[in-house]
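Source file: query39.tsv; contents: TSV, C-alpha atoms.
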```tsv
chain	number	residue	atom	x	y	z
A	1	LYS	CA	0.00	0.00	0.00
A	2	LYS	CA	1.37	3.40	-0.97
A	3	MET	CA	1.99	5.70	1.97
A	4	GLU	CA	0.33	9.10	1.81
A	5	GLN	CA	2.53	12.15	2.17
A	6	PRO	CA	2.02	14.11	5.43
A	7	GLN	CA	0.06	17.34	5.16
A	8	GLN	CA	1.88	19.06	8.04
A	9	CYS	CA	5.54	19.63	8.73
A	10	LEU	CA	5.89	21.91	11.78
A	11	SER	CA	3.42	20.00	13.92
A	12	ARG	CA	5.02	16.67	12.98
A	13	ILE	CA	8.39	18.03	14.06
A	14	GLN	CA	6.90	18.98	17.42
A	15	SER	CA	5.34	15.57	17.97
A	16	PHE	CA	8.51	13.68	17.03
A	17	TYR	CA	10.87	16.07	18.83
A	18	PRO	CA	11.40	14.07	22.07
A	19	GLU	CA	12.57	11.10	19.94
A	20	PHE	CA	15.08	13.02	17.80
A	21	SER	CA	18.83	12.59	18.05
A	22	GLU	CA	20.90	15.70	18.86
A	23	THR	CA	21.61	16.25	15.15
A	24	GLU	CA	17.92	15.85	14.27
A	25	LYS	CA	17.04	18.38	16.98
A	26	LYS	CA	19.44	20.90	15.39
A	27	ILE	CA	17.59	20.53	12.08
A	28	ALA	CA	14.21	20.66	13.83
A	29	ASP	CA	15.14	23.82	15.74
A	30	TYR	CA	16.24	25.49	12.50
A	31	ILE	CA	12.96	24.69	10.72
A	32	LEU	CA	10.84	25.78	13.69
A	33	GLN	CA	12.77	29.05	13.98
A	34	PHE	CA	13.08	29.91	10.28
A	35	PRO	CA	10.22	28.20	8.40
A	36	GLU	CA	9.65	31.09	5.96
A	37	LYS	CA	13.37	31.37	5.17
A	38	MET	CA	13.62	27.63	4.55
A	39	THR	CA	10.92	27.65	1.87
A	40	HIS	CA	13.27	29.74	-0.32
A	41	GLN	CA	16.42	27.69	0.34
A	42	SER	CA	17.93	24.69	-1.38
A	43	ILE	CA	18.86	21.60	0.60
A	44	THR	CA	22.54	22.60	0.25
A	45	GLN	CA	21.91	26.08	1.72
A	46	VAL	CA	20.05	24.62	4.70
A	47	ALA	CA	22.78	22.03	5.29
A	48	ASP	CA	25.43	24.78	5.21
A	49	ASP	CA	23.46	26.98	7.63
A	50	ILE	CA	23.04	24.15	10.14
A	51	GLY	CA	26.45	22.61	9.61
A	52	VAL	CA	25.39	19.12	8.57
A	53	ALA	CA	25.57	17.05	5.38
A	54	THR	CA	22.80	17.29	2.77
A	55	SER	CA	22.24	13.55	3.20
A	56	THR	CA	21.45	14.22	6.88
A	57	ILE	CA	18.77	16.74	5.85
A	58	PHE	CA	17.35	14.26	3.35
A	59	ARG	CA	17.15	11.50	5.98
A	60	PHE	CA	15.44	13.94	8.35
A	61	CYS	CA	12.77	14.63	5.72
A	62	GLN	CA	12.19	10.89	5.33
A	63	ARG	CA	12.07	10.50	9.11
A	64	LEU	CA	9.06	12.84	9.07
A	65	GLY	CA	7.40	10.76	6.35
A	66	PHE	CA	8.27	12.84	3.28
A	67	LYS	CA	9.78	11.41	0.09
A	68	GLY	CA	12.42	14.12	0.07
A	69	TYR	CA	13.36	17.72	0.76
A	70	GLN	CA	11.31	19.31	-2.04
A	71	VAL	CA	8.09	17.60	-0.94
A	72	MET	CA	8.65	18.69	2.66
A	73	LYS	CA	9.35	22.26	1.51
A	74	ILE	CA	6.07	22.41	-0.45
A	75	VAL	CA	4.09	21.19	2.57
A	76	LEU	CA	5.95	23.65	4.82
A	77	ALA	CA	5.14	26.56	2.50
A	78	SER	CA	1.46	25.60	2.50
A	79	GLU	CA	1.41	25.20	6.26
A	80	ILE	CA	2.89	28.60	7.11
A	81	ALA	CA	0.42	30.27	4.76
A	82	SER	CA	-2.51	28.63	6.58
A	83	PRO	CA	-4.44	30.07	9.55
A	84	ILE	CA	-3.53	26.83	11.34
A	85	ARG	CA	0.04	28.17	11.50
A	86	GLU	CA	-0.84	30.37	14.46
A	87	MET	CA	-1.98	27.31	16.38
A	88	VAL	CA	1.45	25.64	16.20
A	89	GLN	CA	3.66	25.80	19.27
A	90	GLU	CA	1.50	28.27	21.17
A	91	LYS	CA	3.36	28.78	24.40
A	92	ILE	CA	1.63	30.44	27.32
A	93	GLN	CA	3.37	33.70	28.24
A	94	GLU	CA	3.44	35.61	31.54
A	95	HIS	CA	1.47	38.52	30.06
A	96	ASP	CA	-1.33	36.29	28.68
A	97	ASN	CA	-4.78	37.00	30.08
A	98	GLU	CA	-7.50	34.43	30.80
A	99	ARG	CA	-8.77	34.44	27.22
A	100	ASP	CA	-5.26	34.01	25.78
A	101	VAL	CA	-4.52	31.06	28.04
A	102	THR	CA	-7.85	29.38	27.31
A	103	GLU	CA	-7.59	29.85	23.53
A	104	LYS	CA	-4.03	28.54	23.45
A	105	ILE	CA	-4.95	25.42	25.42
A	106	PHE	CA	-7.96	24.72	23.20
A	107	ASN	CA	-6.00	25.40	20.00
A	108	THR	CA	-3.20	23.09	21.11
A	109	SER	CA	-5.76	20.36	21.82
A	110	ILE	CA	-7.27	20.84	18.35
A	111	ARG	CA	-3.81	20.65	16.77
A	112	THR	CA	-2.97	17.48	18.71
A	113	PHE	CA	-6.20	15.80	17.57
A	114	LYS	CA	-5.56	16.74	13.92
A	115	ASP	CA	-1.98	15.47	14.04
A	116	THR	CA	-2.98	12.20	15.67
A	117	ILE	CA	-5.69	11.55	13.08
A	118	GLN	CA	-3.22	12.18	10.29
A	119	MET	CA	-0.65	9.80	11.74
A	120	MET	CA	-3.15	7.15	12.83
A	121	ASP	CA	-2.73	3.64	11.49
A	122	PHE	CA	-6.38	2.68	10.98
A	123	SER	CA	-5.49	-0.92	10.15
A	124	SER	CA	-4.15	-1.19	13.71
A	125	ILE	CA	-7.44	0.24	15.02
A	126	LYS	CA	-9.27	-2.53	13.14
A	127	LYS	CA	-6.93	-5.20	14.55
A	128	ALA	CA	-7.39	-3.84	18.08
A	129	VAL	CA	-11.19	-3.90	17.75
A	130	ASN	CA	-11.13	-7.52	16.53
A	131	VAL	CA	-8.83	-8.58	19.37
A	132	LEU	CA	-11.06	-6.86	21.96
A	133	LEU	CA	-14.18	-8.47	20.49
A	134	SER	CA	-12.77	-11.98	20.83
A	135	ALA	CA	-11.30	-11.48	24.34
A	136	ASN	CA	-12.57	-13.28	27.43
A	137	ARG	CA	-11.11	-10.54	29.60
A	138	VAL	CA	-9.52	-7.14	28.91
A	139	GLU	CA	-7.24	-5.47	31.43
A	140	PHE	CA	-6.15	-1.83	31.16
A	141	TYR	CA	-2.82	-0.73	32.62
A	142	GLY	CA	-1.55	2.81	33.19
A	143	THR	CA	0.24	4.87	35.85
A	144	GLY	CA	0.05	8.61	36.56
A	145	SER	CA	-1.94	10.45	33.91
A	146	SER	CA	-2.10	7.23	31.88
A	147	GLY	CA	-3.82	5.64	34.89
A	148	ILE	CA	-6.68	8.09	34.41
A	149	VAL	CA	-7.07	6.84	30.82
A	150	ALA	CA	-6.96	3.21	31.99
A	151	LEU	CA	-9.72	3.84	34.56
A	152	ASP	CA	-11.82	5.67	31.97
A	153	ALA	CA	-11.39	2.75	29.57
A	154	HIS	CA	-12.54	0.28	32.22
A	155	HIS	CA	-15.61	2.40	33.03
A	156	LYS	CA	-16.56	2.63	29.35
A	157	PHE	CA	-16.03	-1.02	28.45
A	158	ILE	CA	-18.25	-2.17	31.31
A	159	GLY	CA	-21.06	-1.03	29.01
A	160	SER	CA	-19.85	-3.36	26.25
A	161	GLY	CA	-20.47	-6.53	28.22
A	162	ILE	CA	-16.76	-7.41	28.06
A	163	ASN	CA	-15.15	-8.44	31.35
A	164	THR	CA	-12.69	-5.62	32.14
A	165	VAL	CA	-10.61	-4.17	34.95
A	166	ALA	CA	-8.04	-1.35	35.31
A	167	TYR	CA	-4.78	-1.39	37.28
A	168	THR	CA	-2.86	1.80	38.10
A	169	GLU	CA	-0.38	0.54	40.73
A	170	PRO	CA	2.85	-0.91	39.24
A	171	PHE	CA	3.23	-3.85	41.64
A	172	LEU	CA	-0.38	-4.96	41.16
A	173	GLN	CA	-0.05	-4.48	37.39
A	174	VAL	CA	2.72	-7.06	37.06
A	175	ARG	CA	0.94	-9.53	39.32
A	176	ALA	CA	-2.32	-9.14	37.40
A	177	ALA	CA	-0.65	-9.39	34.00
A	178	SER	CA	1.06	-12.64	34.99
A	179	GLN	CA	-2.38	-14.19	35.64
A	180	LEU	CA	-3.73	-13.52	32.15
A	181	SER	CA	-4.35	-16.30	29.61
A	182	GLU	CA	-4.09	-16.64	25.85
A	183	ASN	CA	-7.73	-15.61	25.53
A	184	ASP	CA	-7.15	-12.32	27.37
A	185	VAL	CA	-5.97	-8.88	26.26
A	186	ALA	CA	-3.68	-6.43	28.05
A	187	VAL	CA	-4.07	-2.78	26.97
A	188	ILE	CA	-1.02	-0.83	28.16
A	189	ILE	CA	-1.25	2.97	28.11
A	190	SER	CA	1.95	4.99	28.41
A	191	ASP	CA	2.90	8.50	27.26
A	192	SER	CA	6.58	7.68	26.81
A	193	GLY	CA	6.41	3.90	26.55
A	194	ALA	CA	9.94	3.86	27.86
A	195	ASN	CA	9.91	3.16	31.61
A	196	THR	CA	10.96	-0.15	33.15
A	197	GLU	CA	7.72	-0.68	35.09
A	198	THR	CA	5.64	-0.56	31.93
A	199	MET	CA	8.02	-2.95	30.17
A	200	ASN	CA	7.65	-5.39	33.07
A	201	VAL	CA	3.87	-5.37	32.65
A	202	LEU	CA	4.14	-6.02	28.92
A	203	GLU	CA	6.62	-8.86	29.40
A	204	ALA	CA	4.44	-10.47	32.11
A	205	ALA	CA	1.38	-10.30	29.82
A	206	LYS	CA	3.32	-11.73	26.86
A	207	GLU	CA	4.75	-14.54	28.98
A	208	ALA	CA	1.23	-15.41	30.11
A	209	GLY	CA	0.21	-15.71	26.44
A	210	ALA	CA	-2.14	-12.71	26.35
A	211	LYS	CA	-2.53	-10.40	23.35
A	212	THR	CA	-1.04	-6.94	23.98
A	213	ILE	CA	-2.17	-3.53	22.75
A	214	VAL	CA	0.01	-0.49	23.49
A	215	ILE	CA	-1.22	3.11	23.35
A	216	THR	CA	1.76	5.50	23.39
A	217	ASN	CA	3.23	8.72	22.01
A	218	LEU	CA	6.62	7.45	20.94
A	219	THR	CA	7.48	5.44	17.84
A	220	ARG	CA	10.92	4.54	19.17
A	221	SER	CA	9.77	2.76	22.28
A	222	PRO	CA	10.92	-0.62	23.63
A	223	LEU	CA	7.22	-1.44	24.08
A	224	ASN	CA	6.59	-1.13	20.36
A	225	LYS	CA	9.04	-3.91	19.51
A	226	LYS	CA	7.24	-6.47	21.68
A	227	ALA	CA	3.57	-5.46	21.59
A	228	ASP	CA	1.15	-7.16	19.21
A	229	ILE	CA	-0.64	-3.92	18.27
A	230	ILE	CA	0.58	-0.32	18.53
A	231	LEU	CA	-1.84	2.63	18.64
A	232	ARG	CA	0.15	5.85	18.48
A	233	THR	CA	-1.04	9.25	19.63
A	234	VAL	CA	0.80	12.54	19.22
A	235	SER	CA	2.54	14.58	21.88
A	236	SER	CA	1.51	18.21	22.21
A	237	SER	CA	4.86	19.99	22.16
A	238	ILE	CA	8.63	19.73	21.86
A	239	GLU	CA	8.93	19.98	25.62
A	240	THR	CA	9.17	16.66	27.46
A	241	ARG	CA	6.49	16.60	30.13
A	242	SER	CA	5.63	14.00	32.73
A	243	ASP	CA	1.95	14.99	32.51
A	244	ASP	CA	1.07	15.69	28.89
A	245	VAL	CA	-2.46	17.04	29.26
A	246	TYR	CA	-3.08	17.16	25.52
A	247	SER	CA	-1.98	13.62	24.71
A	248	ARG	CA	-4.15	12.37	27.59
A	249	ILE	CA	-7.21	14.04	26.03
A	250	VAL	CA	-6.43	12.37	22.70
A	251	GLN	CA	-5.91	9.00	24.39
A	252	LEU	CA	-9.29	9.34	26.10
A	253	SER	CA	-10.87	9.95	22.70
A	254	LEU	CA	-9.00	7.00	21.24
A	255	ILE	CA	-10.52	4.81	23.96
A	256	ASP	CA	-13.94	6.26	23.03
A	257	ALA	CA	-13.30	5.28	19.40
A	258	LEU	CA	-12.27	1.74	20.34
A	259	TYR	CA	-15.31	1.33	22.59
A	260	THR	CA	-17.74	2.66	19.97
A	261	ASN	CA	-16.26	0.41	17.28
A	262	VAL	CA	-16.46	-2.62	19.56
A	263	VAL	CA	-20.09	-2.02	20.54
A	264	LYS	CA	-21.00	-1.27	16.91
A	265	ALA	CA	-19.43	-4.57	15.81
A	266	GLN	CA	-21.27	-6.54	18.47
A	267	LYS	CA	-24.59	-5.84	16.72
A	268	GLY	CA	-27.01	-8.52	17.86
A	269	LYS	CA	-25.06	-9.50	20.97
A	270	ASN	CA	-26.41	-6.47	22.85
A	271	LYS	CA	-29.87	-5.07	22.43
A	272	ASN	CA	-29.70	-1.78	20.53
A	273	PRO	CA	-25.92	-1.37	21.03
A	274	ILE	CA	-25.68	1.95	19.18
A	275	LYS	CA	-28.64	3.38	21.07
A	276	LYS	CA	-26.96	2.43	24.33
A	277	LEU	CA	-23.94	4.55	23.45
A	278	PHE	CA	-25.93	7.76	23.56
A	279	GLU	CA	-28.31	7.11	26.44
```
What does this structure look like when you write it as structure tokens?
Amino acid sequence: KKMEQPQQCLSRIQSFYPEFSETEKKIADYILQFPEKMTHQSITQVADDIGVATSTIFRFCQRLGFKGYQVMKIVLASEIASPIREMVQEKIQEHDNERDVTEKIFNTSIRTFKDTIQMMDFSSIKKAVNVLLSANRVEFYGTGSSGIVALDAHHKFIGSGINTVAYTEPFLQVRAASQLSENDVAVIISDSGANTETMNVLEAAKEAGAKTIVITNLTRSPLNKKADIILRTVSSSIETRSDDVYSRIVQLSLIDALYTNVVKAQKGKNKNPIKKLFE
């Protein structure tokens, strides 16, 4: 299947930023700081300005999902000419009033939703729905802000008739995951997908024979190499945060989408499943 070219550049840079190498961050910083200038430069001029090889710039473009530099430049030019441009990287300043703060938070949420939809692998959504439908038991795991998403998922899926539970305490998570069977599913929610505790839960679930679904922000995560299904959401900014409010909102909506798809697919198993969603 032919991959579609991304329709955003700046926002993709922001979402990938925590995963970049130091060299990639230098390129990212340059594009974020001088997007208008870059649209009039050749790949050689940009490489000279930053102090890297042209091949490094080319690989960076591919890292973002573009075929090459020219394609990325076209998308960048379109993006900075769009009203959406003002929504990118809206940092809250000391002099901002209540309206400024509220608008920036809402706009950042909107941007995060749009970016996640664009980067979403819908074939993985379909796989996740099928796995959930055939599960005897589904357990949701998350700590910190991800624990809130896990609890929300448990509360929603109770309405689907599927046997579910949520665990937010690391020690209990590993113990619970080790008791799963091959007919069960472990849904692991993690912003970074990089901490040892979360890896322990995944490994315990895999060893028990359960199917594993991971919801995370990062593509370069140890979890992604071992999980059966990866559902990726987008981070809100280039700043690494322990409590990414925006990604949590998107993850909550992703859970809503999974739940709605599951109940929709159940059809005759529940009486009026779609009606139940909106009661």
| Restricting the calculation to all atoms listed in the file, which member of A:Val245, A:Ile215, A:Ala28, A:Leu64 is positioned closest to Ser124 in chain A? | A:Ile215
| If you measure from CA of Pro18 in chain A to CA of Asp191 in chain A, what distance in Å do you get, rounded to one decimal? |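 So the answer is 11.4 Å.
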| field | Among listed residues A:Ala204, A:Ile74, A:Ile213, A:Ile13, nearest Leu172 in chain A (using only C-alpha atoms) | value |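 Under the stated criterion, the closest residue is A:Ala204.
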Where does range 18-134 of chain A meet range 256-264 of chain A within 8 Å, residue by residue, with the nearest atom pair and distance in Å to one decimal for each, counting all atoms listed in the file, listed by chain and rising number, as a Markdown table?
```
| residue | atom | partner | partner_atom | distance |
| --- | --- | --- | --- | --- |
| A:Ile125 | CA | A:Leu258 | CA | 7.3 |
| A:Ala128 | CA | A:Leu258 | CA | 7.7 |
| A:Val129 | CA | A:Val262 | CA | 5.7 |
| A:Asn130 | CA | A:Val262 | CA | 7.8 |
| A:Leu132 | CA | A:Val262 | CA | 7.3 |
| A:Leu133 | CA | A:Val262 | CA | 6.3 |
```
| message | Let me make sure I understand: among A:Leu10, A:Ala166, A:Ala77, A:Leu223, which one has the smallest atom-to-atom distance to Lys206 in chain A if we use only C-alpha atoms? | response | A:Leu223
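Distances here use all atoms listed in the file; by that measure, the residue among A:Ala265, A:Thr39, A:Ile249, A:Lys25 closest to Ala81 in chain A is A:Thr39.
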| said: Counting all atoms listed in the file, which residue out of A:Thr116, A:Ser145, A:Gln173, A:Asn163 sits closest to Phe16 in chain A? | reply: A:Thr116
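Considering the residues A:Gly65, A:Thr56, A:Val174, A:Asn183 and counting all atoms listed in the file, Met119 in chain A has its shortest atom-to-atom contact with A:Gly65.
Interatomic distance, CA of Ile50 in chain A to CA of Glu19 in chain A: 19.4 Å.
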| Long-range neighbours of Ala135 in chain A as a VMD selection string, 8 Å cut-off, only C-alpha atoms, 6 positions minimum in chain | chain A and resid 162 183 to 185
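For the pair CA of Leu180 in chain A and CA of Ile148 in chain A, the interatomic distance is 21.9 Å.
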| field | Who sits within 12 Å of range 207-209 of chain A, only C-alpha atoms, same chain under 3 positions skipped, as a PyMOL selection string | value | chain A and resi 174-186+200-204+212+226-228
| Residue contacts of Val165 in chain A (10 Å, only C-alpha atoms) excluding same-chain residues fewer than 5 positions away, as a list in words |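 Residues meeting the cut-off are Arg137, Val138, Glu139, Phe140, Tyr141, Ala150, Leu151, Ala153, His154, His155, Phe157, Ile158 and Ala176 of chain A.
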